[in-house]
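One file, run18.cif, carrying mmCIF, C-alpha atoms:
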data_data
loop_
_atom_site.label_atom_id
_atom_site.label_comp_id
_atom_site.auth_asym_id
_atom_site.auth_seq_id
_atom_site.Cartn_x
_atom_site.Cartn_y
_atom_site.Cartn_z
CA MET E 4 -182.79 48.78 -59.79
CA SER E 5 -179.28 47.78 -60.78
CA GLN E 6 -176.80 50.55 -61.62
CA PRO E 7 -175.68 50.52 -65.28
CA ASP E 8 -172.33 51.94 -66.38
CA THR E 9 -174.02 53.76 -69.26
CA ILE E 10 -177.53 54.32 -70.56
CA LYS E 11 -177.92 54.24 -74.32
CA ILE E 12 -180.10 57.04 -75.62
CA PRO E 13 -182.87 55.63 -77.86
CA GLU E 14 -182.29 56.27 -81.56
CA ASP E 15 -185.67 57.94 -81.98
CA TYR E 16 -184.65 60.49 -79.31
CA ARG E 17 -181.45 61.27 -81.21
CA LYS E 18 -183.47 61.65 -84.39
CA HIS E 19 -185.93 64.16 -82.94
CA LEU E 20 -183.61 66.10 -80.62
CA LEU E 21 -181.92 68.25 -83.27
CA LYS E 22 -185.21 68.92 -85.02
CA ASP E 23 -186.79 70.05 -81.75
CA LEU E 24 -183.78 72.25 -81.07
CA GLU E 25 -184.20 73.92 -84.45
CA THR E 26 -187.88 74.53 -83.72
CA LEU E 27 -187.14 76.24 -80.41
CA VAL E 28 -184.17 78.28 -81.63
CA ASN E 29 -186.07 79.57 -84.68
CA ILE E 30 -188.81 81.00 -82.45
CA ASN E 31 -187.68 84.35 -81.12
CA SER E 32 -188.30 84.32 -77.38
CA SER E 33 -186.69 87.54 -76.24
CA SER E 34 -187.65 88.53 -72.72
CA GLN E 35 -189.24 91.57 -74.39
CA ASN E 36 -191.31 89.48 -76.84
CA PRO E 37 -194.38 88.04 -75.07
CA GLU E 38 -195.82 86.58 -78.28
CA GLY E 39 -192.58 84.73 -78.98
CA LEU E 40 -192.36 83.53 -75.39
CA LYS E 41 -195.87 82.12 -75.58
CA LYS E 42 -195.11 80.43 -78.91
CA ASN E 43 -191.90 78.93 -77.52
CA GLY E 44 -193.73 77.75 -74.41
CA GLU E 45 -196.36 76.08 -76.59
CA ALA E 46 -193.62 74.34 -78.58
CA LEU E 47 -192.10 73.03 -75.34
CA LEU E 48 -195.51 71.77 -74.23
CA ASN E 49 -195.92 69.88 -77.50
CA ILE E 50 -192.46 68.32 -77.20
CA SER E 51 -193.01 67.32 -73.59
CA MET E 52 -196.38 65.74 -74.35
CA ARG E 53 -194.84 63.73 -77.18
CA LEU E 54 -192.19 62.51 -74.72
CA GLY E 55 -194.81 61.51 -72.16
CA LEU E 56 -194.07 64.33 -69.71
CA PRO E 57 -197.21 66.35 -68.95
CA PHE E 58 -196.20 69.91 -68.08
CA SER E 59 -198.58 72.58 -66.79
CA ARG E 60 -198.69 76.30 -67.53
CA ILE E 61 -198.25 78.76 -64.70
CA PRO E 62 -199.34 82.23 -65.95
CA VAL E 63 -197.32 85.27 -64.93
CA PRO E 64 -199.79 87.19 -62.71
CA ASN E 65 -201.30 90.38 -64.11
CA ASP E 66 -199.18 90.10 -67.24
CA PRO E 67 -200.79 91.84 -70.25
CA GLY E 68 -198.62 89.80 -72.62
CA GLY E 69 -199.95 86.48 -71.33
CA ARG E 70 -196.54 84.97 -70.58
CA PHE E 71 -196.34 81.71 -68.68
CA HIS E 72 -193.85 79.37 -67.02
CA LEU E 73 -193.95 75.58 -67.29
CA ILE E 74 -193.81 73.06 -64.46
CA TYR E 75 -193.67 69.29 -64.14
CA GLU E 76 -194.14 67.56 -60.79
CA PRO E 77 -195.26 64.15 -59.56
CA PRO E 78 -198.53 63.85 -57.62
CA HIS E 79 -198.24 64.59 -53.91
CA ASP E 80 -197.01 61.83 -51.60
CA VAL E 81 -195.74 59.56 -54.38
CA PHE E 82 -192.12 60.05 -53.28
CA SER E 83 -190.52 60.93 -49.96
CA TYR E 84 -187.80 62.86 -51.82
CA PHE E 85 -187.39 64.83 -55.04
CA TYR E 86 -184.82 66.78 -57.03
CA GLY E 87 -185.39 70.09 -58.79
CA ILE E 88 -184.44 70.88 -62.38
CA THR E 89 -184.71 74.38 -63.80
CA GLY E 90 -184.06 76.14 -67.09
CA HIS E 91 -185.32 79.16 -68.99
CA PHE E 92 -186.63 79.68 -72.49
CA ASP E 93 -186.34 83.46 -72.68
CA THR E 94 -183.31 84.97 -74.44
CA VAL E 95 -181.64 88.36 -74.83
CA HIS E 96 -181.92 88.36 -78.64
CA LEU E 97 -184.46 90.93 -79.85
CA PRO E 98 -187.06 90.06 -82.52
CA GLU E 99 -185.42 92.36 -85.09
CA SER E 100 -182.01 90.68 -84.70
CA LYS E 101 -180.50 89.29 -87.91
CA PHE E 102 -179.14 86.42 -85.81
CA CYS E 103 -182.43 84.57 -85.83
CA ARG E 104 -182.06 81.01 -87.18
CA LEU E 105 -180.31 77.78 -86.33
CA THR E 106 -177.36 77.07 -88.62
CA SER E 107 -174.77 74.30 -88.65
CA ASP E 108 -171.02 74.67 -89.21
CA LEU E 109 -170.04 71.16 -90.28
CA GLU E 110 -166.33 72.00 -90.59
CA ASN E 111 -166.07 73.08 -86.93
CA ALA E 112 -168.85 70.76 -85.70
CA ARG E 113 -170.79 73.66 -84.20
CA ILE E 114 -174.47 74.56 -84.15
CA TYR E 115 -175.25 78.29 -84.04
CA GLY E 116 -178.42 80.06 -83.01
CA PRO E 117 -179.90 82.70 -80.69
CA GLY E 118 -180.31 81.27 -77.20
CA ILE E 119 -179.00 77.84 -78.22
CA LEU E 120 -176.39 77.77 -75.41
CA ASP E 121 -178.29 80.05 -73.04
CA MET E 122 -180.24 77.89 -72.83
CA LYS E 123 -182.62 76.14 -75.19
CA ALA E 124 -180.31 73.17 -75.74
CA GLY E 125 -180.08 72.63 -71.98
CA VAL E 126 -183.85 72.75 -71.59
CA LEU E 127 -184.22 70.07 -74.26
CA VAL E 128 -181.51 67.92 -72.67
CA ALA E 129 -183.48 68.01 -69.41
CA LEU E 130 -186.70 67.00 -71.19
CA TYR E 131 -185.14 64.16 -73.13
CA ALA E 132 -183.17 62.91 -70.12
CA LEU E 133 -186.34 62.70 -68.03
CA ALA E 134 -188.10 60.86 -70.83
CA ALA E 135 -185.16 58.45 -71.22
CA VAL E 136 -185.13 57.72 -67.48
CA LYS E 137 -188.86 57.11 -67.55
CA ARG E 138 -188.49 54.71 -70.47
CA HIS E 139 -185.47 52.92 -68.96
CA THR E 140 -186.97 52.44 -65.50
CA GLY E 141 -190.60 51.93 -66.49
CA MET E 142 -191.62 54.32 -63.70
CA ALA E 143 -195.01 55.96 -64.19
CA GLN E 144 -193.91 58.96 -62.09
CA LEU E 145 -190.49 60.47 -61.57
CA PRO E 146 -189.10 62.09 -58.39
CA PHE E 147 -188.27 65.38 -60.10
CA LYS E 148 -189.89 68.79 -60.10
CA VAL E 149 -189.10 70.91 -63.14
CA VAL E 150 -189.52 74.65 -63.66
CA PHE E 151 -188.92 76.16 -67.09
CA ASN E 152 -189.28 79.92 -66.74
CA CYS E 153 -189.77 82.79 -69.15
CA ASP E 154 -188.05 85.59 -67.21
CA GLU E 155 -184.56 84.47 -66.15
CA GLU E 156 -182.74 86.92 -68.41
CA ILE E 157 -184.41 89.83 -66.61
CA GLY E 158 -183.62 88.49 -63.14
CA SER E 159 -186.46 85.96 -62.65
CA PRO E 160 -188.72 88.59 -61.00
CA ASP E 161 -191.78 86.33 -61.04
CA SER E 162 -190.38 82.82 -61.38
CA ARG E 163 -188.09 83.14 -58.33
CA HIS E 164 -191.22 82.79 -56.18
CA LEU E 165 -192.34 79.75 -58.18
CA ILE E 166 -188.90 78.12 -57.84
CA ALA E 167 -188.88 78.81 -54.09
CA LYS E 168 -192.34 77.27 -53.71
CA LYS E 169 -191.83 74.19 -55.86
CA PHE E 170 -188.25 73.36 -54.82
CA LYS E 171 -188.68 73.73 -51.07
CA GLY E 172 -187.22 70.60 -49.47
CA ALA E 173 -185.46 69.39 -52.63
CA ALA E 174 -182.56 66.95 -52.16
CA GLY E 175 -180.70 68.79 -54.93
CA ALA E 176 -181.19 71.25 -57.78
CA PHE E 177 -179.76 71.21 -61.30
CA VAL E 178 -179.59 74.24 -63.57
CA MET E 179 -179.27 73.49 -67.27
CA GLU E 180 -177.10 76.44 -68.27
CA GLY E 181 -174.59 75.60 -70.99
CA GLY E 182 -170.96 74.71 -70.44
CA LYS E 183 -168.26 77.23 -71.28
CA ASP E 184 -165.36 77.50 -73.74
CA ASP E 185 -166.15 74.33 -75.69
CA VAL E 186 -165.38 71.97 -72.80
CA PRO E 187 -167.65 70.06 -70.41
CA CYS E 188 -167.93 71.81 -67.08
CA VAL E 189 -169.92 72.05 -63.90
CA ILE E 190 -170.41 75.39 -62.18
CA THR E 191 -170.17 75.09 -58.41
CA SER E 192 -170.45 78.76 -57.39
CA ARG E 193 -171.58 82.09 -58.81
CA LYS E 194 -171.23 85.62 -57.54
CA GLY E 195 -174.19 87.42 -56.03
CA ILE E 196 -175.48 90.50 -57.83
CA LEU E 197 -176.59 93.87 -56.48
CA MET E 198 -177.88 96.58 -58.82
CA GLY E 199 -178.99 100.11 -58.21
CA LYS E 200 -178.72 103.76 -59.11
CA MET E 201 -177.54 106.96 -57.49
CA ARG E 202 -179.31 110.25 -58.22
CA VAL E 203 -177.59 113.51 -57.34
CA SER E 204 -179.51 116.78 -57.18
CA GLY E 205 -177.68 120.12 -57.31
CA LYS E 206 -178.42 123.71 -58.23
CA ALA E 207 -178.31 125.15 -61.73
CA ALA E 208 -176.51 128.39 -62.53
CA HIS E 209 -175.00 130.17 -65.53
CA ALA E 210 -171.49 128.81 -66.04
CA GLY E 211 -170.12 132.16 -67.21
CA GLU E 212 -171.96 134.81 -65.23
CA ASN E 213 -172.54 133.32 -61.77
CA PRO E 214 -171.14 129.82 -61.41
CA GLU E 215 -170.70 130.36 -57.67
CA ARG E 216 -174.48 130.27 -57.27
CA GLY E 217 -174.63 126.73 -58.54
CA ALA E 218 -173.92 123.32 -57.04
CA SER E 219 -172.66 120.78 -59.57
CA ALA E 220 -174.41 117.44 -59.37
CA ILE E 221 -171.91 116.01 -61.83
CA VAL E 222 -168.89 116.97 -59.73
CA GLU E 223 -170.55 115.44 -56.65
CA ALA E 224 -171.26 112.26 -58.62
CA ALA E 225 -167.63 112.20 -59.82
CA TYR E 226 -166.38 112.22 -56.22
CA LYS E 227 -168.67 109.31 -55.41
CA ILE E 228 -167.78 107.32 -58.53
CA ARG E 229 -164.09 107.61 -57.67
CA LEU E 230 -164.79 106.25 -54.18
CA LEU E 231 -167.03 103.48 -55.53
CA ASN E 232 -164.21 102.37 -57.82
CA ARG E 233 -161.92 102.00 -54.81
CA LEU E 234 -164.24 99.29 -53.45
CA ASN E 235 -163.05 96.88 -56.13
CA ASP E 236 -161.16 94.07 -54.44
CA PRO E 237 -159.68 91.41 -56.75
CA GLU E 238 -158.50 89.36 -53.79
CA SER E 239 -162.00 88.88 -52.36
CA GLY E 240 -163.67 88.87 -55.78
CA THR E 241 -165.76 92.00 -55.14
CA VAL E 242 -166.41 94.05 -58.29
CA VAL E 243 -168.15 97.45 -58.23
CA THR E 244 -169.00 98.98 -61.60
CA VAL E 245 -170.57 102.29 -62.56
CA GLY E 246 -171.76 101.33 -66.02
CA THR E 247 -173.83 104.31 -67.16
CA ILE E 248 -173.94 107.99 -66.24
CA SER E 249 -176.04 110.94 -67.40
CA GLY E 250 -176.55 114.49 -66.21
CA GLY E 251 -176.73 118.17 -66.95
CA ASN E 252 -178.67 120.11 -69.58
CA ALA E 253 -176.10 122.27 -71.38
CA ALA E 254 -172.35 122.82 -71.55
CA ASN E 255 -172.69 126.36 -70.22
CA GLN E 256 -174.84 125.49 -67.20
CA ILE E 257 -173.79 124.25 -63.77
CA PRO E 258 -175.60 120.86 -63.79
CA ASP E 259 -178.42 120.39 -61.30
CA HIS E 260 -178.83 116.64 -61.81
CA CYS E 261 -176.77 113.53 -62.45
CA SER E 262 -177.53 109.83 -62.23
CA ALA E 263 -175.40 106.71 -62.54
CA SER E 264 -176.03 102.98 -62.47
CA ILE E 265 -174.25 100.73 -59.99
CA ASP E 266 -173.52 97.00 -60.46
CA VAL E 267 -171.93 94.96 -57.66
CA ARG E 268 -170.68 91.34 -57.78
CA VAL E 269 -169.71 89.47 -54.59
CA LYS E 270 -168.70 85.91 -53.76
CA THR E 271 -170.29 85.65 -50.33
CA LEU E 272 -173.11 87.09 -48.24
CA GLU E 273 -170.49 88.45 -45.85
CA ALA E 274 -168.85 90.35 -48.71
CA GLU E 275 -172.28 91.61 -49.76
CA LYS E 276 -172.92 93.08 -46.29
CA LYS E 277 -169.47 94.69 -46.23
CA VAL E 278 -169.71 96.37 -49.63
CA SER E 279 -173.32 97.46 -49.04
CA ALA E 280 -172.26 99.25 -45.85
CA ALA E 281 -169.35 100.90 -47.66
CA ILE E 282 -171.61 102.12 -50.48
CA SER E 283 -174.08 103.52 -47.95
CA GLU E 284 -171.27 105.48 -46.31
CA ILE E 285 -170.16 106.88 -49.66
CA MET E 286 -173.68 107.95 -50.56
CA GLN E 287 -174.29 109.69 -47.24
CA ALA E 288 -171.18 111.90 -47.48
CA THR E 289 -171.39 115.26 -49.32
CA HIS E 290 -168.43 116.77 -51.16
CA VAL E 291 -170.11 119.64 -53.04
CA ALA E 292 -172.12 121.93 -50.81
CA GLY E 293 -175.71 122.31 -51.93
CA THR E 294 -176.04 118.83 -53.46
CA ARG E 295 -178.15 115.92 -52.24
CA THR E 296 -177.78 112.24 -53.11
CA ASP E 297 -180.43 109.53 -53.14
CA TYR E 298 -179.69 105.95 -54.12
CA ASP E 299 -181.07 102.44 -54.18
CA LEU E 300 -179.19 99.15 -54.21
CA ASN E 301 -181.12 95.90 -54.47
CA GLN E 302 -180.10 92.26 -54.39
CA VAL E 303 -180.84 90.81 -57.83
CA ARG E 304 -179.38 87.40 -57.02
CA PRO E 305 -177.78 86.13 -53.80
CA PRO E 306 -174.34 84.49 -53.98
CA PHE E 307 -174.30 80.82 -55.00
CA GLU E 308 -171.92 79.32 -52.44
CA SER E 309 -171.02 75.64 -52.27
CA ASP E 310 -171.16 73.58 -49.08
CA ALA E 311 -170.52 70.00 -47.93
CA ARG E 312 -173.88 68.71 -49.22
CA ALA E 313 -173.28 70.29 -52.61
CA ALA E 314 -169.78 68.81 -52.67
CA ALA E 315 -171.22 65.33 -52.05
CA LEU E 316 -173.71 65.79 -54.89
CA LEU E 317 -170.94 67.07 -57.12
CA GLN E 318 -168.94 63.90 -56.48
CA VAL E 319 -171.86 61.76 -57.65
CA TYR E 320 -172.01 63.85 -60.82
CA LEU E 321 -168.25 63.63 -61.41
CA ASN E 322 -168.36 59.85 -60.94
CA THR E 323 -171.18 59.68 -63.48
CA CYS E 324 -169.16 61.73 -65.95
CA ALA E 325 -166.15 59.46 -65.43
CA ARG E 326 -168.22 56.40 -66.37
CA SER E 327 -168.93 58.17 -69.66
CA GLY E 328 -165.25 59.04 -70.18
CA ILE E 329 -165.74 62.75 -69.46
CA GLN E 330 -163.80 64.94 -67.01
CA PRO E 331 -165.64 68.25 -66.62
CA LYS E 332 -163.93 71.39 -65.37
CA GLN E 333 -165.19 72.78 -62.07
CA LEU E 334 -165.83 76.48 -62.51
CA SER E 335 -166.79 79.56 -60.51
CA THR E 336 -168.25 82.49 -62.43
CA GLY E 337 -169.32 86.08 -61.93
CA GLY E 338 -172.51 85.82 -63.94
CA GLY E 339 -175.78 84.95 -62.23
CA SER E 340 -178.37 82.25 -62.88
CA ASP E 341 -181.27 80.61 -61.08
CA ALA E 342 -178.66 78.49 -59.31
CA ASN E 343 -178.10 81.55 -57.10
CA LEU E 344 -181.71 81.23 -55.96
CA THR E 345 -181.72 77.50 -55.24
CA ALA E 346 -178.36 77.59 -53.44
CA ALA E 347 -179.60 80.45 -51.24
CA MET E 348 -182.49 78.18 -50.21
CA GLY E 349 -179.93 75.73 -48.82
CA ILE E 350 -180.44 73.26 -51.67
CA PRO E 351 -177.27 71.49 -52.93
CA THR E 352 -176.96 72.91 -56.43
CA LEU E 353 -175.08 72.07 -59.62
CA ASP E 354 -175.09 74.41 -62.61
CA GLY E 355 -173.70 74.58 -66.12
CA ILE E 356 -174.43 70.96 -66.98
CA GLY E 357 -176.06 71.59 -70.34
CA PRO E 358 -174.30 71.23 -73.71
CA THR E 359 -171.00 73.09 -74.11
CA GLY E 360 -170.30 76.01 -76.39
CA SER E 361 -169.52 79.70 -76.32
CA GLY E 362 -170.75 83.19 -77.20
CA PRO E 363 -173.90 83.52 -75.06
CA HIS E 364 -175.72 86.85 -75.56
CA THR E 365 -173.89 87.44 -78.87
CA ASP E 366 -174.61 86.96 -82.58
CA HIS E 367 -172.15 84.03 -82.70
CA GLU E 368 -173.66 81.92 -79.91
CA TYR E 369 -173.17 78.21 -80.49
CA ILE E 370 -172.94 74.75 -78.98
CA VAL E 371 -170.47 72.00 -79.86
CA ALA E 372 -172.59 69.52 -81.80
CA VAL E 373 -171.33 66.35 -80.09
CA SER E 374 -171.94 67.88 -76.64
CA LEU E 375 -175.69 67.88 -77.26
CA TYR E 376 -175.71 64.08 -77.13
CA GLN E 377 -172.88 63.80 -74.59
CA SER E 378 -174.68 65.97 -72.06
CA LEU E 379 -177.92 64.06 -72.65
CA GLU E 380 -176.23 60.72 -71.96
CA VAL E 381 -174.46 62.00 -68.83
CA PHE E 382 -177.51 63.74 -67.39
CA THR E 383 -179.72 60.72 -68.05
CA LEU E 384 -177.29 58.42 -66.25
CA PHE E 385 -176.92 60.95 -63.44
CA LEU E 386 -180.68 61.14 -62.85
CA PHE E 387 -180.93 57.36 -62.92
CA THR E 388 -178.06 57.15 -60.41
CA LEU E 389 -179.81 59.53 -58.03
CA ILE E 390 -183.00 57.49 -58.13
CA ASN E 391 -181.03 54.30 -57.62
CA HIS E 392 -179.25 55.73 -54.57
CA GLN E 393 -182.49 56.97 -53.04
CA GLU E 394 -184.29 53.71 -53.69
CA GLY E 395 -181.43 51.79 -52.06
CA GLY E 396 -180.52 49.85 -55.17
CA ARG E 397 -183.64 47.71 -54.93
CA SER E 398 -184.36 45.71 -58.07
#

Using structure tokens, write down the structure from this file.
Amino acid sequence: MSQPDTIKIPEDYRKHLLKDLETLVNINSSSQNPEGLKKNGEALLNISMRLGLPFSRIPVPNDPGGRFHLIYEPPHDVFSYFYGITGHFDTVHLPESKFCRLTSDLENARIYGPGILDMKAGVLVALYALAAVKRHTGMAQLPFKVVFNCDEEIGSPDSRHLIAKKFKGAAGAFVMEGGKDDVPCVITSRKGILMGKMRVSGKAAHAGENPERGASAIVEAAYKIRLLNRLNDPESGTVVTVGTISGGNAANQIPDHCSASIDVRVKTLEAEKKVSAAISEIMQATHVAGTRTDYDLNQVRPPFESDARAAALLQVYLNTCARSGIQPKQLSTGGGSDANLTAAMGIPTLDGIGPTGSGPHTDHEYIVAVSLYQSLEVFTLFLFTLINHQEGGRS
């Protein structure tokens, strides 16, 4: 195959893309809405079948709501290599939200809607790009495995195992999260995430008559929160946050219980080990006699760290963007995505290559209208370039 400078997106694809986006956005698919997730998954299946891309359902095991993920993969042994593509169709927007429909702002050339940036537009770009590559090359099968999951916004508790299984041995992985701040971008690293909770038990007593008989769980928690806050290290990028706290029963009682949530963000696995050890030390120390502290701290997503193989893949992507007259920003971010999972598997990973926009997880979430087609053209050419490199440029 010869390498083109650009690949023109078929007009019928352009015609249907916005309509399909409206269909997906107008279906509420909150992570807490299994019926909406199933309906959105069905809509994606219909779109993919129309585009000639047969996806399969993978049910979430033992799920009373009947949720399912979607996968596309070539038959075994057709290719000696493959690339992984992943996206999610769940959102944070609840069914009762008033922000529930796709709307267009022609003056500012923006398209608004729940989950449009994070990340229904990116999912559609992946689908249409695969279909365009298939049409352009005439290939019956494509060397890509695709996972569209329904649980990313809650940490991918089930789909992380599916991604690990399907993407094992991938030459690269691409995550279709949206670009940021209205400009094309590519995300090359993300912080790892730890989450947990501390629970302090004390001893209740009357605050006026015999406070000395009590042991304040809240005061003990306050000591620990102050020490946790000292673990913040802007230089290394480590962020430790106590985001919620609750405790006590009445103003005139020495509190016998207190709990607080803990959120930790780290750039590297080494930083994760260091801060985990420091938190353990804080939790084991006692400042108020008669109190006891239990805690848990679990890795929600490992750090997404770049390496030489990822840098080489990034250069191919940047070269592809340049042929389309685009210069994306290279970003690192503190938020997590499924890129954290693929990078931790040792797979060269690129993220944030969906359409650009702003306001994810808000009631003013939008994409820049022109970026929907820009990102489709770039990603299509990028996928074609990868195939061409792997096939050795044979015509």

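Residues in contact with Leu344 in chain E at 10 Å, where only C-alpha atoms are counted and same-chain residues fewer than 3 positions away are skipped, are listed as Ser159, Arg163, His164, Ile166, Ala167, Gly195, Val303, Arg304, Pro305, Pro306, Phe307, Gly339, Ser340, Asp341, Ala347, Met348, Gly349, Ile350 and Thr352 of chain E.
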
Item to check | Picked residues, the PyMOL selection byres ((chain E and resi 20) around 9), as a ChimeraX atom specification | outcome: /E:15-19,21-25,127-128,131,375-376

Checklist entry - Rounded to one decimal in Å, what is the spacing between CA of Pro358 in chain E and CA of Phe102 in chain E? => result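 Result for CA of Pro358 in chain E versus CA of Phe102 in chain E: 20.0 Å, one decimal.
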
Please write as a PDB file with C-alpha atoms, keeping the file's coordinate frame the full residue list that the PyMOL selection byres ((chain E and resi 227-229) around 9) yields on this file.
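Listing of expr_21.pdb after writing:
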ATOM      1  CA  VAL E 222    -168.890 116.970 -59.730  1.00  0.00           C
ATOM      2  CA  GLU E 223    -170.550 115.440 -56.650  1.00  0.00           C
ATOM      3  CA  ALA E 224    -171.260 112.260 -58.620  1.00  0.00           C
ATOM      4  CA  ALA E 225    -167.630 112.200 -59.820  1.00  0.00           C
ATOM      5  CA  TYR E 226    -166.380 112.220 -56.220  1.00  0.00           C
ATOM      6  CA  LEU E 230    -164.790 106.250 -54.180  1.00  0.00           C
ATOM      7  CA  LEU E 231    -167.030 103.480 -55.530  1.00  0.00           C
ATOM      8  CA  ASN E 232    -164.210 102.370 -57.820  1.00  0.00           C
ATOM      9  CA  ARG E 233    -161.920 102.000 -54.810  1.00  0.00           C
ATOM     10  CA  THR E 244    -169.000  98.980 -61.600  1.00  0.00           C
ATOM     11  CA  VAL E 245    -170.570 102.290 -62.560  1.00  0.00           C
ATOM     12  CA  ALA E 263    -175.400 106.710 -62.540  1.00  0.00           C
ATOM     13  CA  ILE E 285    -170.160 106.880 -49.660  1.00  0.00           C
ATOM     14  CA  MET E 286    -173.680 107.950 -50.560  1.00  0.00           C
ATOM     15  CA  ALA E 288    -171.180 111.900 -47.480  1.00  0.00           C
ATOM     16  CA  THR E 289    -171.390 115.260 -49.320  1.00  0.00           C
ATOM     17  CA  HIS E 290    -168.430 116.770 -51.160  1.00  0.00           C
TER      18      HIS E 290
END

Next on the checklist: Which polymer residues, whether protein, DNA or RNA, lie within 7 Å of the coordinate (-180.4, 102.1, -58.6) when you count all atoms listed in the file? List them as JSON, numbers by chain, using the chain letters and numbers from the file.
Outcome noted: {"E": [198, 199, 200, 201, 264, 265, 298, 299, 300]}

Next on the checklist: Excluding Ala143 in chain E and its own-chain neighbours fewer than 4 positions away, which residues fall within 10 Å of it when counting all atoms listed in the file? Please give them as number ranges by chain.
Outcome noted: E: 55, 77, 137-138

Would you output that residue set with C-alpha atoms, as a PDB file, in the coordinates of the input?
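Writing the result to part_30.pdb gives the following:
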ATOM      1  CA  GLY E  55    -194.810  61.510 -72.160  1.00  0.00           C
ATOM      2  CA  PRO E  77    -195.260  64.150 -59.560  1.00  0.00           C
ATOM      3  CA  LYS E 137    -188.860  57.110 -67.550  1.00  0.00           C
ATOM      4  CA  ARG E 138    -188.490  54.710 -70.470  1.00  0.00           C
TER       5      ARG E 138
END

Item to check | Best match for closeness to Gly182 in chain E among E:Asn29, E:Thr89, E:Thr336, E:Asn43, counting all atoms listed in the file | outcome: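 Comparing E:Asn29, E:Thr89, E:Thr336, E:Asn43 against Gly182 in chain E, the winner is E:Thr336.
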
Compile the contact shell of Gly205 in chain E as a PDB file with C-alpha atoms, in the frame of the given file: residues with an atom at most 6 Å away, counting all atoms listed in the file, same-chain residues fewer than 2 positions apart removed.
ATOM      1  CA  ALA E 218    -173.920 123.320 -57.040  1.00  0.00           C
ATOM      2  CA  SER E 219    -172.660 120.780 -59.570  1.00  0.00           C
ATOM      3  CA  ALA E 220    -174.410 117.440 -59.370  1.00  0.00           C
ATOM      4  CA  ASP E 259    -178.420 120.390 -61.300  1.00  0.00           C
ATOM      5  CA  HIS E 260    -178.830 116.640 -61.810  1.00  0.00           C
ATOM      6  CA  THR E 294    -176.040 118.830 -53.460  1.00  0.00           C
TER       7      THR E 294
END

Checklist entry - Written as a ChimeraX atom specification, which residues does the PyMOL selection byres ((chain E and resi 242) around 12) give for the file shown? => result /E:194-198,231-241,243-246,265-270,274-275,278,337-338

File of the preceding selection, C-alpha atoms, as a CSV table (one decimal), in the coordinates of the input:
chain,number,residue,atom,x,y,z
E,194,LYS,CA,-171.2,85.6,-57.5
E,195,GLY,CA,-174.2,87.4,-56.0
E,196,ILE,CA,-175.5,90.5,-57.8
E,197,LEU,CA,-176.6,93.9,-56.5
E,198,MET,CA,-177.9,96.6,-58.8
E,231,LEU,CA,-167.0,103.5,-55.5
E,232,ASN,CA,-164.2,102.4,-57.8
E,233,ARG,CA,-161.9,102.0,-54.8
E,234,LEU,CA,-164.2,99.3,-53.4
E,235,ASN,CA,-163.0,96.9,-56.1
E,236,ASP,CA,-161.2,94.1,-54.4
E,237,PRO,CA,-159.7,91.4,-56.8
E,238,GLU,CA,-158.5,89.4,-53.8
E,239,SER,CA,-162.0,88.9,-52.4
E,240,GLY,CA,-163.7,88.9,-55.8
E,241,THR,CA,-165.8,92.0,-55.1
E,243,VAL,CA,-168.2,97.4,-58.2
E,244,THR,CA,-169.0,99.0,-61.6
E,245,VAL,CA,-170.6,102.3,-62.6
E,246,GLY,CA,-171.8,101.3,-66.0
E,265,ILE,CA,-174.2,100.7,-60.0
E,266,ASP,CA,-173.5,97.0,-60.5
E,267,VAL,CA,-171.9,95.0,-57.7
E,268,ARG,CA,-170.7,91.3,-57.8
E,269,VAL,CA,-169.7,89.5,-54.6
E,270,LYS,CA,-168.7,85.9,-53.8
E,274,ALA,CA,-168.8,90.4,-48.7
E,275,GLU,CA,-172.3,91.6,-49.8
E,278,VAL,CA,-169.7,96.4,-49.6
E,337,GLY,CA,-169.3,86.1,-61.9
E,338,GLY,CA,-172.5,85.8,-63.9

Checklist entry - Closest to Leu56 in chain E among E:Ile282, E:Ile248, E:Leu145, E:Ala346, using all atoms listed in the file? => result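 Comparing E:Ile282, E:Ile248, E:Leu145, E:Ala346 against Leu56 in chain E, the winner is E:Leu145.
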
Item to check | Between CA of Ser335 in chain E and CA of Ser378 in chain E - distance in Å to one decimal | outcome: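 Taking CA of Ser378 in chain E and CA of Ser335 in chain E, their separation equals 19.5 Å.
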
Item to check | Point (-177.3, 82.5, -78.2), cut-off 6 Å, counting only C-alpha atoms, residues as an MDAnalysis selection string | outcome: chainID E and resid 116:121 363:364 368

For those residues, write C-alpha atoms to a file as a PDB file, in the coordinates of the input.
ATOM      1  CA  GLY E 116    -178.420  80.060 -83.010  1.00  0.00           C
ATOM      2  CA  PRO E 117    -179.900  82.700 -80.690  1.00  0.00           C
ATOM      3  CA  GLY E 118    -180.310  81.270 -77.200  1.00  0.00           C
ATOM      4  CA  ILE E 119    -179.000  77.840 -78.220  1.00  0.00           C
ATOM      5  CA  LEU E 120    -176.390  77.770 -75.410  1.00  0.00           C
ATOM      6  CA  ASP E 121    -178.290  80.050 -73.040  1.00  0.00           C
ATOM      7  CA  PRO E 363    -173.900  83.520 -75.060  1.00  0.00           C
ATOM      8  CA  HIS E 364    -175.720  86.850 -75.560  1.00  0.00           C
ATOM      9  CA  GLU E 368    -173.660  81.920 -79.910  1.00  0.00           C
TER      10      GLU E 368
END

Item to check | Pick from E:Cys188, E:Ile10, E:Cys103, E:Leu272, whichever lies nearest to Asn343 in chain E using only C-alpha atoms | outcome: E:Leu272

Checklist entry - Quick one: distance from CA of Lys11 in chain E to CA of Glu380 in chain E in Å, one decimal? => result 7.1 Å

Checklist entry - For Thr383 in chain E, which of E:Ser32, E:Gln256, E:Ser361, E:Thr323 is the closest residue, counting all atoms listed in the file? => result E:Thr323
